[in-house]
file final-v4.cif (mmCIF, C-alpha atoms and all ligand atoms)
data_protein
#
loop_
_atom_site.group_PDB
_atom_site.id
_atom_site.type_symbol
_atom_site.label_atom_id
_atom_site.label_comp_id
_atom_site.auth_asym_id
_atom_site.auth_seq_id
_atom_site.Cartn_x
_atom_site.Cartn_y
_atom_site.Cartn_z
ATOM 1 C CA MET A 24 8.956 9.647 -11.116
ATOM 2 C CA ALA A 25 7.234 6.811 -12.952
ATOM 3 C CA ARG A 26 8.658 3.420 -12.093
ATOM 4 C CA ASP A 27 10.243 1.228 -14.738
ATOM 5 C CA GLU A 28 7.550 -1.059 -16.160
ATOM 6 C CA SER A 29 9.688 -3.248 -18.431
ATOM 7 C CA TRP A 30 9.150 -6.204 -16.084
ATOM 8 C CA LEU A 31 5.498 -6.235 -17.102
ATOM 9 C CA THR A 32 6.175 -7.328 -20.652
ATOM 10 C CA GLU A 33 9.345 -9.400 -20.257
ATOM 11 C CA VAL A 34 9.146 -13.170 -20.274
ATOM 12 C CA GLN A 35 9.597 -14.120 -16.629
ATOM 13 C CA VAL A 36 8.907 -17.000 -14.299
ATOM 14 C CA CYS A 37 7.383 -15.391 -11.207
ATOM 15 C CA PRO A 38 7.343 -17.193 -7.868
ATOM 16 C CA SER A 39 4.064 -16.949 -5.958
ATOM 17 C CA ILE A 40 4.857 -16.489 -2.285
ATOM 18 C CA LEU A 41 1.546 -18.119 -1.348
ATOM 19 C CA ALA A 42 3.422 -21.418 -1.474
ATOM 20 C CA ALA A 43 6.384 -20.101 0.562
ATOM 21 C CA ASP A 44 7.008 -20.723 4.248
ATOM 22 C CA PHE A 45 4.935 -17.962 5.917
ATOM 23 C CA GLY A 46 7.477 -17.804 8.705
ATOM 24 C CA ALA A 47 10.324 -17.076 6.337
ATOM 25 C CA PHE A 48 9.024 -14.866 3.520
ATOM 26 C CA ARG A 49 12.092 -12.681 3.399
ATOM 27 C CA SER A 50 14.668 -15.454 3.226
ATOM 28 C CA GLN A 51 12.572 -17.362 0.702
ATOM 29 C CA VAL A 52 12.432 -14.271 -1.491
ATOM 30 C CA VAL A 53 16.209 -13.822 -1.186
ATOM 31 C CA GLU A 54 16.751 -17.467 -2.124
ATOM 32 C CA LEU A 55 14.744 -17.066 -5.318
ATOM 33 C CA MET A 56 16.362 -13.733 -6.207
ATOM 34 C CA ASP A 57 19.732 -15.445 -5.880
ATOM 35 C CA ALA A 58 18.433 -18.011 -8.381
ATOM 36 C CA GLY A 59 17.468 -15.195 -10.795
ATOM 37 C CA ALA A 60 13.800 -14.430 -10.046
ATOM 38 C CA ARG A 61 12.825 -10.753 -10.149
ATOM 39 C CA THR A 62 9.047 -10.415 -10.032
ATOM 40 C CA PHE A 63 7.142 -11.984 -7.148
ATOM 41 C CA HIS A 64 3.429 -12.693 -7.159
ATOM 42 C CA VAL A 65 1.649 -11.807 -3.910
ATOM 43 C CA ASP A 66 -1.779 -13.383 -3.250
ATOM 44 C CA VAL A 67 -4.053 -11.406 -0.971
ATOM 45 C CA MET A 68 -7.267 -13.224 0.048
ATOM 46 C CA ASP A 69 -10.004 -11.764 2.232
ATOM 47 C CA GLY A 70 -12.150 -14.737 3.305
ATOM 48 C CA HIS A 71 -15.031 -13.134 1.397
ATOM 49 C CA PHE A 72 -14.297 -12.996 -2.327
ATOM 50 C CA VAL A 73 -12.597 -16.349 -1.729
ATOM 51 C CA PRO A 74 -13.088 -18.499 1.390
ATOM 52 C CA VAL A 75 -9.476 -18.230 2.506
ATOM 53 C CA ILE A 76 -7.649 -15.420 4.324
ATOM 54 C CA THR A 77 -3.929 -14.982 3.631
ATOM 55 C CA PHE A 78 -2.157 -11.754 4.522
ATOM 56 C CA GLY A 79 -2.262 -8.032 3.920
ATOM 57 C CA HIS A 80 -0.058 -5.144 2.900
ATOM 58 C CA GLU A 81 2.381 -5.774 5.777
ATOM 59 C CA VAL A 82 3.817 -8.699 3.843
ATOM 60 C CA VAL A 83 4.456 -6.428 0.863
ATOM 61 C CA GLU A 84 6.140 -3.967 3.193
ATOM 62 C CA ALA A 85 8.318 -6.702 4.693
ATOM 63 C CA ILE A 86 9.842 -7.743 1.360
ATOM 64 C CA ALA A 87 9.607 -4.593 -0.785
ATOM 65 C CA ASP A 88 13.044 -3.145 0.028
ATOM 66 C CA GLU A 89 14.801 -6.413 -0.654
ATOM 67 C CA VAL A 90 12.992 -6.920 -3.960
ATOM 68 C CA HIS A 91 13.341 -3.327 -5.189
ATOM 69 C CA SER A 92 17.002 -3.012 -4.203
ATOM 70 C CA ARG A 93 17.756 -5.873 -6.598
ATOM 71 C CA GLY A 94 15.675 -4.551 -9.492
ATOM 72 C CA GLY A 95 12.623 -6.681 -8.794
ATOM 73 C CA ALA A 96 8.904 -5.986 -8.615
ATOM 74 C CA LEU A 97 5.925 -7.053 -6.534
ATOM 75 C CA ALA A 98 2.789 -8.020 -8.431
ATOM 76 C CA VAL A 99 -0.138 -8.066 -6.042
ATOM 77 C CA HIS A 100 -3.139 -10.257 -6.903
ATOM 78 C CA MET A 101 -6.147 -9.088 -4.887
ATOM 79 C CA MET A 102 -8.662 -11.877 -4.246
ATOM 80 C CA VAL A 103 -10.637 -9.358 -2.244
ATOM 81 C CA GLN A 104 -14.090 -7.806 -2.557
ATOM 82 C CA GLU A 105 -13.813 -4.148 -3.631
ATOM 83 C CA PRO A 106 -10.043 -4.121 -3.261
ATOM 84 C CA GLU A 107 -9.771 -0.496 -4.341
ATOM 85 C CA ARG A 108 -10.633 0.361 -0.703
ATOM 86 C CA LEU A 109 -7.208 -0.968 0.247
ATOM 87 C CA ALA A 110 -5.172 0.263 -2.708
ATOM 88 C CA ALA A 111 -3.517 3.152 -0.849
ATOM 89 C CA ASP A 112 -2.100 0.776 1.768
ATOM 90 C CA TYR A 113 -0.502 -1.368 -0.913
ATOM 91 C CA ALA A 114 0.914 1.617 -2.780
ATOM 92 C CA LYS A 115 2.497 2.833 0.443
ATOM 93 C CA ALA A 116 3.825 -0.636 1.239
ATOM 94 C CA GLY A 117 5.650 -0.804 -2.115
ATOM 95 C CA ALA A 118 3.413 -2.823 -4.449
ATOM 96 C CA ASP A 119 4.294 -2.326 -8.120
ATOM 97 C CA SER A 120 1.088 -3.659 -9.626
ATOM 98 C CA PHE A 121 -2.354 -4.152 -8.126
ATOM 99 C CA THR A 122 -4.584 -6.576 -9.971
ATOM 100 C CA ILE A 123 -8.329 -6.632 -9.401
ATOM 101 C CA HIS A 124 -10.914 -9.315 -10.181
ATOM 102 C CA ILE A 125 -13.601 -8.141 -12.585
ATOM 103 C CA GLU A 126 -16.044 -10.119 -10.402
ATOM 104 C CA ALA A 127 -15.045 -8.272 -7.220
ATOM 105 C CA THR A 128 -15.744 -4.624 -7.919
ATOM 106 C CA ARG A 129 -18.795 -2.595 -8.866
ATOM 107 C CA ASP A 130 -16.923 -0.159 -11.096
ATOM 108 C CA ILE A 131 -13.751 -1.552 -12.589
ATOM 109 C CA HIS A 132 -12.978 1.665 -14.454
ATOM 110 C CA ARG A 133 -12.987 3.691 -11.278
ATOM 111 C CA ALA A 134 -11.089 1.000 -9.381
ATOM 112 C CA LEU A 135 -8.311 0.917 -11.992
ATOM 113 C CA GLN A 136 -8.182 4.700 -12.020
ATOM 114 C CA ILE A 137 -7.626 4.737 -8.254
ATOM 115 C CA VAL A 138 -4.751 2.279 -8.660
ATOM 116 C CA GLU A 139 -3.190 4.363 -11.453
ATOM 117 C CA GLU A 140 -3.445 7.557 -9.439
ATOM 118 C CA LEU A 141 -1.633 5.872 -6.562
ATOM 119 C CA GLY A 142 1.316 5.119 -8.860
ATOM 120 C CA MET A 143 0.826 1.365 -9.197
ATOM 121 C CA VAL A 144 0.288 -0.562 -12.430
ATOM 122 C CA PRO A 145 -3.434 -1.279 -12.748
ATOM 123 C CA GLY A 146 -4.278 -4.903 -13.478
ATOM 124 C CA VAL A 147 -7.464 -6.806 -14.179
ATOM 125 C CA THR A 148 -8.136 -10.514 -13.838
ATOM 126 C CA LEU A 149 -10.988 -12.967 -14.196
ATOM 127 C CA ASN A 150 -12.065 -16.324 -12.856
ATOM 128 C CA PRO A 151 -11.839 -19.396 -15.101
ATOM 129 C CA ALA A 152 -15.581 -19.431 -15.897
ATOM 130 C CA THR A 153 -15.868 -15.693 -16.583
ATOM 131 C CA PRO A 154 -15.950 -15.047 -20.347
ATOM 132 C CA VAL A 155 -12.885 -13.180 -21.607
ATOM 133 C CA ALA A 156 -15.242 -10.616 -23.174
ATOM 134 C CA ALA A 157 -16.038 -9.425 -19.632
ATOM 135 C CA ILE A 158 -12.643 -7.701 -19.423
ATOM 136 C CA ALA A 159 -12.563 -6.344 -22.982
ATOM 137 C CA GLU A 160 -13.355 -2.750 -21.975
ATOM 138 C CA ALA A 161 -11.448 -2.819 -18.693
ATOM 139 C CA ALA A 162 -8.369 -3.945 -20.621
ATOM 140 C CA ARG A 163 -8.129 -0.416 -22.077
ATOM 141 C CA TYR A 164 -7.295 0.900 -18.611
ATOM 142 C CA ALA A 165 -5.078 -1.929 -17.347
ATOM 143 C CA ARG A 166 -1.419 -2.743 -18.003
ATOM 144 C CA ASN A 167 -1.490 -6.195 -16.436
ATOM 145 C CA LEU A 168 -3.978 -8.760 -17.728
ATOM 146 C CA LEU A 169 -3.990 -11.812 -15.477
ATOM 147 C CA CYS A 170 -5.484 -15.047 -16.758
ATOM 148 C CA MET A 171 -6.467 -17.337 -13.895
ATOM 149 C CA SER A 172 -5.773 -20.940 -14.808
ATOM 150 C CA VAL A 173 -7.340 -22.317 -11.601
ATOM 151 C CA SER A 174 -10.180 -21.050 -9.400
ATOM 152 C CA PRO A 175 -8.742 -18.431 -7.077
ATOM 153 C CA GLY A 176 -8.338 -19.380 -3.438
ATOM 154 C CA TRP A 177 -5.787 -22.160 -3.142
ATOM 155 C CA GLY A 178 -2.374 -23.144 -4.388
ATOM 156 C CA GLY A 179 -1.621 -26.602 -5.691
ATOM 157 C CA GLN A 180 -4.689 -27.040 -7.918
ATOM 158 C CA ALA A 181 -4.690 -28.717 -11.323
ATOM 159 C CA PHE A 182 -4.248 -26.482 -14.378
ATOM 160 C CA ILE A 183 -7.474 -25.861 -16.328
ATOM 161 C CA GLY A 184 -6.888 -26.828 -19.973
ATOM 162 C CA ALA A 185 -9.294 -24.217 -21.399
ATOM 163 C CA THR A 186 -6.698 -21.610 -20.364
ATOM 164 C CA LEU A 187 -4.880 -22.429 -23.578
ATOM 165 C CA GLU A 188 -7.906 -21.207 -25.546
ATOM 166 C CA ARG A 189 -8.409 -18.160 -23.338
ATOM 167 C CA LEU A 190 -4.834 -16.860 -23.340
ATOM 168 C CA PRO A 191 -4.747 -15.955 -27.059
ATOM 169 C CA GLN A 192 -7.989 -13.998 -26.568
ATOM 170 C CA ILE A 193 -6.478 -12.161 -23.612
ATOM 171 C CA ARG A 194 -3.236 -11.498 -25.490
ATOM 172 C CA ALA A 195 -5.339 -9.957 -28.275
ATOM 173 C CA LEU A 196 -6.658 -7.407 -25.748
ATOM 174 C CA ALA A 197 -3.142 -6.367 -24.683
ATOM 175 C CA GLY A 198 -1.743 -3.304 -26.402
ATOM 176 C CA ALA A 199 1.866 -2.094 -26.295
ATOM 177 C CA GLY A 200 3.312 -2.025 -22.803
ATOM 178 C CA VAL A 201 0.656 -4.368 -21.434
ATOM 179 C CA GLY A 202 1.682 -7.657 -19.833
ATOM 180 C CA VAL A 203 -0.189 -10.953 -19.833
ATOM 181 C CA GLU A 204 0.232 -13.028 -16.705
ATOM 182 C CA VAL A 205 -0.984 -16.572 -16.024
ATOM 183 C CA ASP A 206 -1.550 -17.985 -12.540
ATOM 184 C CA GLY A 207 -2.446 -21.427 -11.244
ATOM 185 C CA GLY A 208 -1.221 -24.940 -11.897
ATOM 186 C CA ILE A 209 1.904 -23.754 -13.713
ATOM 187 C CA GLY A 210 4.746 -26.264 -13.541
ATOM 188 C CA PRO A 211 7.047 -28.345 -15.728
ATOM 189 C CA ASP A 212 4.156 -29.859 -17.712
ATOM 190 C CA THR A 213 2.195 -26.677 -18.363
ATOM 191 C CA ILE A 214 4.670 -23.783 -18.495
ATOM 192 C CA VAL A 215 5.643 -24.026 -22.160
ATOM 193 C CA GLY A 216 2.017 -24.325 -23.291
ATOM 194 C CA VAL A 217 0.945 -21.124 -21.537
ATOM 195 C CA TYR A 218 3.980 -19.243 -22.864
ATOM 196 C CA GLU A 219 3.183 -20.358 -26.398
ATOM 197 C CA ALA A 220 -0.484 -19.437 -25.921
ATOM 198 C CA GLY A 221 0.429 -15.804 -25.159
ATOM 199 C CA ALA A 222 1.392 -15.345 -21.510
ATOM 200 C CA ASN A 223 4.674 -13.586 -20.770
ATOM 201 C CA ARG A 224 4.660 -13.655 -16.935
ATOM 202 C CA LEU A 225 4.389 -17.211 -15.779
ATOM 203 C CA THR A 226 3.484 -17.431 -12.111
ATOM 204 C CA ALA A 227 4.176 -20.595 -10.153
ATOM 205 C CA GLY A 228 3.724 -21.348 -6.471
ATOM 206 C CA SER A 229 3.880 -25.054 -5.606
ATOM 207 C CA ALA A 230 6.088 -25.925 -8.562
ATOM 208 C CA ILE A 231 8.777 -23.695 -7.020
ATOM 209 C CA TYR A 232 8.329 -23.368 -3.268
ATOM 210 C CA ARG A 233 6.978 -26.843 -2.572
ATOM 211 C CA GLN A 234 10.005 -28.495 -4.167
ATOM 212 C CA PRO A 235 13.051 -29.767 -2.284
ATOM 213 C CA ASP A 236 15.257 -27.081 -3.882
ATOM 214 C CA PRO A 237 13.137 -24.033 -4.847
ATOM 215 C CA GLY A 238 16.041 -22.261 -6.589
ATOM 216 C CA GLN A 239 16.693 -25.289 -8.756
ATOM 217 C CA ALA A 240 12.976 -25.762 -9.464
ATOM 218 C CA TYR A 241 12.823 -22.111 -10.619
ATOM 219 C CA ALA A 242 15.888 -22.593 -12.835
ATOM 220 C CA ASP A 243 14.376 -25.734 -14.384
ATOM 221 C CA LEU A 244 11.167 -23.880 -15.277
ATOM 222 C CA VAL A 245 13.175 -21.030 -16.814
ATOM 223 C CA GLU A 246 15.176 -23.540 -18.856
ATOM 224 C CA ARG A 247 12.010 -25.085 -20.280
ATOM 225 C CA VAL A 248 10.711 -21.714 -21.436
ATOM 226 C CA ARG A 249 14.114 -20.796 -22.895
ATOM 227 C CA ALA A 250 14.149 -24.082 -24.796
ATOM 228 C CA ALA A 251 10.822 -23.009 -26.310
ATOM 229 C CA GLY A 252 12.548 -19.918 -27.712
ATOM 230 C CA ALA A 253 12.039 -17.272 -25.042
ATOM 231 C CA THR A 254 14.680 -14.805 -23.945
ATOM 232 C CA ILE A 255 14.812 -14.652 -20.163
ATOM 233 C CA ALA A 256 17.288 -12.293 -18.539
HETATM 234 C C1 LIG B 1 -4.456 -19.169 -6.403
HETATM 235 C C2 LIG B 1 -3.398 -18.120 -6.412
HETATM 236 C C3 LIG B 1 -2.134 -18.505 -7.075
HETATM 237 C C4 LIG B 1 -1.386 -19.626 -6.423
HETATM 238 C C5 LIG B 1 -0.917 -20.534 -7.504
HETATM 239 O O1 LIG B 1 -5.602 -18.639 -5.856
HETATM 240 O O2 LIG B 1 -3.879 -16.966 -7.082
HETATM 241 O O3 LIG B 1 -1.267 -17.397 -7.247
HETATM 242 O O4 LIG B 1 -0.266 -19.218 -5.685
HETATM 243 O O5 LIG B 1 -0.414 -21.667 -6.902
HETATM 244 P P1 LIG B 1 0.077 -22.899 -7.730
HETATM 245 O O6 LIG B 1 1.193 -22.446 -8.610
HETATM 246 O O7 LIG B 1 0.490 -23.837 -6.667
HETATM 247 O O8 LIG B 1 -1.104 -23.403 -8.534
HETATM 248 ZN ZN ZN B 2 -2.430 -15.411 -7.580
#
call {"tool": "encode", "arguments": {"input": "final-v4.cif", "output": "structure tokens"}}
result
Amino acid sequence: MARDESWLTEVQVCPSILAADFGAFRSQVVELMDAGARTFHVDVMDGHFVPVITFGHEVVEAIADEVHSRGGALAVHMMVQEPERLAADYAKAGADSFTIHIEATRDIHRALQIVEELGMVPGVTLNPATPVAAIAEAARYARNLLCMSVSPGWGGQAFIGATLERLPQIRALAGAGVGVEVDGGIGPDTIVGVYEAGANRLTAGSAIYRQPDPGQAYADLVERVRAAGATIA
């Protein structure tokens, strides 16, 4: 049975677990679900496409039951060379979407097809200096379009202002049922701007998990987007 994909196109603030305590993923996910979060962003880095190594599908497996049992979803961001090689592991572990860098694969059409066939939502993303036109064709086959607003590889970087010019172009590529996600440097000062520029899933790592009270930090971000006119469940 096809999974519910409404989370893709809702306005949501999505915690990135890259900024969480790696020794306490599960409890940090529970804490944010208690505060209202539903979709979690999962950053997989391979030490090749980006210099850093994070974690693999086991982390998805460790939190998937908790997230799914409360109506949530796991959006996996693969900062990995040819990530389609690993797609089956993530599908099995419980990933809901699997987003691939246009710079990281030789055949994005085939890669997205593999993801679709495994029952995950296919997503495509691009680095800040890659022209948006590079994903124009791939966008036909993807249901998550992720706009990087920092260079992939690290949390806690400064938001790149040109994102506000790129997001409307990416939104224009998104048909019905396709979500637009933004990732990097999202916090109290930038979250309303990216929402107004066309993103509906607003991913934040440091601005949530590196705060004294992550649940409260999440709620404050949600409030800002609501004040800008968004409906957030
Ligand atoms: C960066 C990652 C982001 C990261 C964002 O390579 O893709 O998902 O968690 O972190 P912040 O919100 O701290 O910029
Ligand atoms: Zn990410």
call {"tool": "residues_near_ligand", "arguments": {"input": "final-v4.cif", "ligand": "ligand ZN 2 (chain B)", "cutoff": "6 Å", "atoms": "all atoms listed in the file", "output": "PyMOL selection string"}}
result
chain A and resi 66+100+206
call {"tool": "closest_residue", "arguments": {"input": "final-v4.cif", "among": "A:Arg133, A:Arg163, A:Arg233, A:Arg93", "to": "ligand LIG 1 (chain B)", "atoms": "only C-alpha atoms and all ligand atoms"}}
result
A:Arg233
call {"tool": "residues_around", "arguments": {"input": "final-v4.cif", "residues": "Val67 in chain A", "least_positions_apart": "3", "cutoff": "9 Å", "atoms": "only C-alpha atoms", "output": "list of chain:residue names"}}
result
A:Leu41, A:Ile76, A:Thr77, A:Phe78, A:Gly79, A:His80, A:Val99, A:His100, A:Met101, A:Met102, A:Val103
call {"tool": "resolve_selection", "arguments": {"input": "final-v4.cif", "expression": "the PyMOL selection byres (((chain A and resi 227) around 8) and not hetatm)", "output": "list in words"}}
result
Val36, Cys37, Pro38, Ser39, Asp206, Gly207, Gly208, Ile209, Gly210, Leu225, Thr226, Gly228, Ser229, Ala230 and Ile231 of chain A
call {"tool": "resolve_selection", "arguments": {"input": "final-v4.cif", "expression": "the PyMOL selection byres (((chain A and resi 134) around 12) and not hetatm)", "output": "CSV table (one decimal) with C-alpha atoms, in the coordinates of the input"}}
result
chain,number,residue,atom,x,y,z
A,104,GLN,CA,-14.1,-7.8,-2.6
A,105,GLU,CA,-13.8,-4.1,-3.6
A,106,PRO,CA,-10.0,-4.1,-3.3
A,107,GLU,CA,-9.8,-0.5,-4.3
A,108,ARG,CA,-10.6,0.4,-0.7
A,109,LEU,CA,-7.2,-1.0,0.2
A,110,ALA,CA,-5.2,0.3,-2.7
A,111,ALA,CA,-3.5,3.2,-0.8
A,121,PHE,CA,-2.4,-4.2,-8.1
A,122,THR,CA,-4.6,-6.6,-10.0
A,123,ILE,CA,-8.3,-6.6,-9.4
A,124,HIS,CA,-10.9,-9.3,-10.2
A,125,ILE,CA,-13.6,-8.1,-12.6
A,127,ALA,CA,-15.0,-8.3,-7.2
A,128,THR,CA,-15.7,-4.6,-7.9
A,129,ARG,CA,-18.8,-2.6,-8.9
A,130,ASP,CA,-16.9,-0.2,-11.1
A,131,ILE,CA,-13.8,-1.6,-12.6
A,132,HIS,CA,-13.0,1.7,-14.5
A,133,ARG,CA,-13.0,3.7,-11.3
A,135,LEU,CA,-8.3,0.9,-12.0
A,136,GLN,CA,-8.2,4.7,-12.0
A,137,ILE,CA,-7.6,4.7,-8.3
A,138,VAL,CA,-4.8,2.3,-8.7
A,139,GLU,CA,-3.2,4.4,-11.5
A,140,GLU,CA,-3.4,7.6,-9.4
A,141,LEU,CA,-1.6,5.9,-6.6
A,143,MET,CA,0.8,1.4,-9.2
A,144,VAL,CA,0.3,-0.6,-12.4
A,145,PRO,CA,-3.4,-1.3,-12.7
A,146,GLY,CA,-4.3,-4.9,-13.5
A,147,VAL,CA,-7.5,-6.8,-14.2
A,161,ALA,CA,-11.4,-2.8,-18.7
A,164,TYR,CA,-7.3,0.9,-18.6
A,165,ALA,CA,-5.1,-1.9,-17.3
call {"tool": "atom_distance", "arguments": {"input": "final-v4.cif", "atom1": "CA of Gly216 in chain A", "atom2": "CA of Ala43 in chain A"}}
result
24.6 Å
call {"tool": "residues_around", "arguments": {"input": "final-v4.cif", "residues": "Ile214 in chain A", "least_positions_apart": "4", "cutoff": "12 Å", "atoms": "only C-alpha atoms", "output": "tab-separated table (two decimals) with C-alpha atoms, in the coordinates of the input"}}
result
chain	number	residue	atom	x	y	z
A	34	VAL	CA	9.15	-13.17	-20.27
A	35	GLN	CA	9.60	-14.12	-16.63
A	36	VAL	CA	8.91	-17.00	-14.30
A	37	CYS	CA	7.38	-15.39	-11.21
A	172	SER	CA	-5.77	-20.94	-14.81
A	182	PHE	CA	-4.25	-26.48	-14.38
A	186	THR	CA	-6.70	-21.61	-20.36
A	187	LEU	CA	-4.88	-22.43	-23.58
A	204	GLU	CA	0.23	-13.03	-16.70
A	205	VAL	CA	-0.98	-16.57	-16.02
A	206	ASP	CA	-1.55	-17.98	-12.54
A	207	GLY	CA	-2.45	-21.43	-11.24
A	208	GLY	CA	-1.22	-24.94	-11.90
A	209	ILE	CA	1.90	-23.75	-13.71
A	210	GLY	CA	4.75	-26.26	-13.54
A	218	TYR	CA	3.98	-19.24	-22.86
A	219	GLU	CA	3.18	-20.36	-26.40
A	220	ALA	CA	-0.48	-19.44	-25.92
A	221	GLY	CA	0.43	-15.80	-25.16
A	222	ALA	CA	1.39	-15.34	-21.51
A	223	ASN	CA	4.67	-13.59	-20.77
A	224	ARG	CA	4.66	-13.66	-16.93
A	225	LEU	CA	4.39	-17.21	-15.78
A	226	THR	CA	3.48	-17.43	-12.11
A	227	ALA	CA	4.18	-20.60	-10.15
A	230	ALA	CA	6.09	-25.92	-8.56
A	241	TYR	CA	12.82	-22.11	-10.62
A	243	ASP	CA	14.38	-25.73	-14.38
A	244	LEU	CA	11.17	-23.88	-15.28
A	245	VAL	CA	13.18	-21.03	-16.81
A	246	GLU	CA	15.18	-23.54	-18.86
A	247	ARG	CA	12.01	-25.08	-20.28
A	248	VAL	CA	10.71	-21.71	-21.44
A	249	ARG	CA	14.11	-20.80	-22.90
A	250	ALA	CA	14.15	-24.08	-24.80
A	251	ALA	CA	10.82	-23.01	-26.31
A	253	ALA	CA	12.04	-17.27	-25.04
call {"tool": "atom_distance", "arguments": {"input": "final-v4.cif", "atom1": "CA of Arg61 in chain A", "atom2": "CA of Leu97 in chain A"}}
result
8.6 Å
call {"tool": "closest_residue", "arguments": {"input": "final-v4.cif", "among": "A:Ser92, A:Asn150, A:Gln180, A:Ser29", "to": "ligand LIG 1 (chain B)", "atoms": "all atoms listed in the file"}}
result
A:Gln180
call {"tool": "atom_distance", "arguments": {"input": "final-v4.cif", "atom1": "CA of Asn167 in chain A", "atom2": "CA of Val201 in chain A"}}
result
5.7 Å
call {"tool": "closest_residue", "arguments": {"input": "final-v4.cif", "among": "A:Pro211, A:Gly46, A:Gly202, A:Gly184", "to": "Thr148 in chain A", "atoms": "only C-alpha atoms"}}
result
A:Gly202
call {"tool": "residues_around", "arguments": {"input": "final-v4.cif", "residues": "Glu81 in chain A", "least_positions_apart": "2", "cutoff": "12 Å", "atoms": "only C-alpha atoms", "output": "JSON, numbers by chain"}}
result
{"A": [48, 65, 67, 77, 78, 79, 83, 84, 85, 86, 87, 112, 113, 114, 115, 116, 117, 118]}
call {"tool": "write_last_selection", "arguments": {"input": "final-v4.cif", "atoms": "C-alpha atoms", "output": "mmCIF file, in the coordinates of the input"}}
result
data_model
loop_
_atom_site.group_PDB
_atom_site.id
_atom_site.type_symbol
_atom_site.label_atom_id
_atom_site.label_comp_id
_atom_site.auth_asym_id
_atom_site.auth_seq_id
_atom_site.Cartn_x
_atom_site.Cartn_y
_atom_site.Cartn_z
ATOM 1 C CA PHE A 48 9.024 -14.866 3.520
ATOM 2 C CA VAL A 65 1.649 -11.807 -3.910
ATOM 3 C CA VAL A 67 -4.053 -11.406 -0.971
ATOM 4 C CA THR A 77 -3.929 -14.982 3.631
ATOM 5 C CA PHE A 78 -2.157 -11.754 4.522
ATOM 6 C CA GLY A 79 -2.262 -8.032 3.920
ATOM 7 C CA VAL A 83 4.456 -6.428 0.863
ATOM 8 C CA GLU A 84 6.140 -3.967 3.193
ATOM 9 C CA ALA A 85 8.318 -6.702 4.693
ATOM 10 C CA ILE A 86 9.842 -7.743 1.360
ATOM 11 C CA ALA A 87 9.607 -4.593 -0.785
ATOM 12 C CA ASP A 112 -2.100 0.776 1.768
ATOM 13 C CA TYR A 113 -0.502 -1.368 -0.913
ATOM 14 C CA ALA A 114 0.914 1.617 -2.780
ATOM 15 C CA LYS A 115 2.497 2.833 0.443
ATOM 16 C CA ALA A 116 3.825 -0.636 1.239
ATOM 17 C CA GLY A 117 5.650 -0.804 -2.115
ATOM 18 C CA ALA A 118 3.413 -2.823 -4.449
#
call {"tool": "closest_residue", "arguments": {"input": "final-v4.cif", "among": "A:Ala47, A:Arg26, A:Ile158, A:Glu126", "to": "Gly94 in chain A", "atoms": "all atoms listed in the file"}}
result
A:Arg26
call {"tool": "residues_around", "arguments": {"input": "final-v4.cif", "residues": "Gly238 in chain A", "least_positions_apart": "3", "cutoff": "10 Å", "atoms": "all atoms listed in the file", "output": "list in words"}}
result
Gln51, Glu54, Leu55, Met56, Asp57, Ala58, Gly59, Ala60, Ile231, Tyr232, Gln234, Pro235, Tyr241, Ala242 and Asp243 of chain A
call {"tool": "axis_aligned_box", "arguments": {"input": "final-v4.cif", "around": "ligand LIG 1 (chain B)", "padding_each_side": "5 Å", "output": "JSON"}}
result
{"center_x": -2.2, "center_y": -20.4, "center_z": -7.1, "size_x": 16.8, "size_y": 16.9, "size_z": 12.9}
call {"tool": "resolve_selection", "arguments": {"input": "final-v4.cif", "expression": "the PyMOL selection byres (((chain A and resi 73) around 8) and not hetatm)", "output": "ChimeraX atom specification"}}
result
/A:68-72,74-76,102-103,175-176
call {"tool": "closest_residue", "arguments": {"input": "final-v4.cif", "among": "A:Arg189, A:His64, A:Arg194, A:Arg166", "to": "ligand LIG 1 (chain B)", "atoms": "all atoms listed in the file"}}
result
A:His64
call {"tool": "closest_residue", "arguments": {"input": "final-v4.cif", "among": "A:Val155, A:Ala195, A:Val82, A:Leu149", "to": "ligand LIG 1 (chain B)", "atoms": "all atoms listed in the file"}}
result
A:Leu149
call {"tool": "decode", "arguments": {"input": "final-v4.cif", "residues": "range 108-115 of chain A", "atoms": "N, CA and C atoms", "output": "PDB file, in the first residue's frame"}}
result
ATOM      1  N   ARG A 108      23.022   3.106  -4.748  1.00  0.00           N
ATOM      2  CA  ARG A 108      23.585   1.800  -4.344  1.00  0.00           C
ATOM      3  C   ARG A 108      23.042   1.361  -2.980  1.00  0.00           C
ATOM      4  N   LEU A 109      22.703   2.355  -2.163  1.00  0.00           N
ATOM      5  CA  LEU A 109      22.320   2.073  -0.777  1.00  0.00           C
ATOM      6  C   LEU A 109      20.818   2.174  -0.552  1.00  0.00           C
ATOM      7  N   ALA A 110      20.081   2.510  -1.602  1.00  0.00           N
ATOM      8  CA  ALA A 110      18.661   2.841  -1.424  1.00  0.00           C
ATOM      9  C   ALA A 110      17.873   1.705  -0.774  1.00  0.00           C
ATOM     10  N   ALA A 111      18.159   0.468  -1.144  1.00  0.00           N
ATOM     11  CA  ALA A 111      17.389  -0.657  -0.601  1.00  0.00           C
ATOM     12  C   ALA A 111      17.537  -0.751   0.917  1.00  0.00           C
ATOM     13  N   ASP A 112      18.717  -0.456   1.419  1.00  0.00           N
ATOM     14  CA  ASP A 112      18.932  -0.499   2.878  1.00  0.00           C
ATOM     15  C   ASP A 112      18.059   0.522   3.596  1.00  0.00           C
ATOM     16  N   TYR A 113      17.944   1.693   2.984  1.00  0.00           N
ATOM     17  CA  TYR A 113      17.152   2.761   3.616  1.00  0.00           C
ATOM     18  C   TYR A 113      15.657   2.469   3.527  1.00  0.00           C
ATOM     19  N   ALA A 114      15.244   1.890   2.415  1.00  0.00           N
ATOM     20  CA  ALA A 114      13.826   1.514   2.282  1.00  0.00           C
ATOM     21  C   ALA A 114      13.476   0.498   3.366  1.00  0.00           C
ATOM     22  N   LYS A 115      14.323  -0.475   3.544  1.00  0.00           N
ATOM     23  CA  LYS A 115      14.103  -1.520   4.537  1.00  0.00           C
ATOM     24  C   LYS A 115      14.121  -0.942   5.953  1.00  0.00           C
TER      25      LYS A 115
END
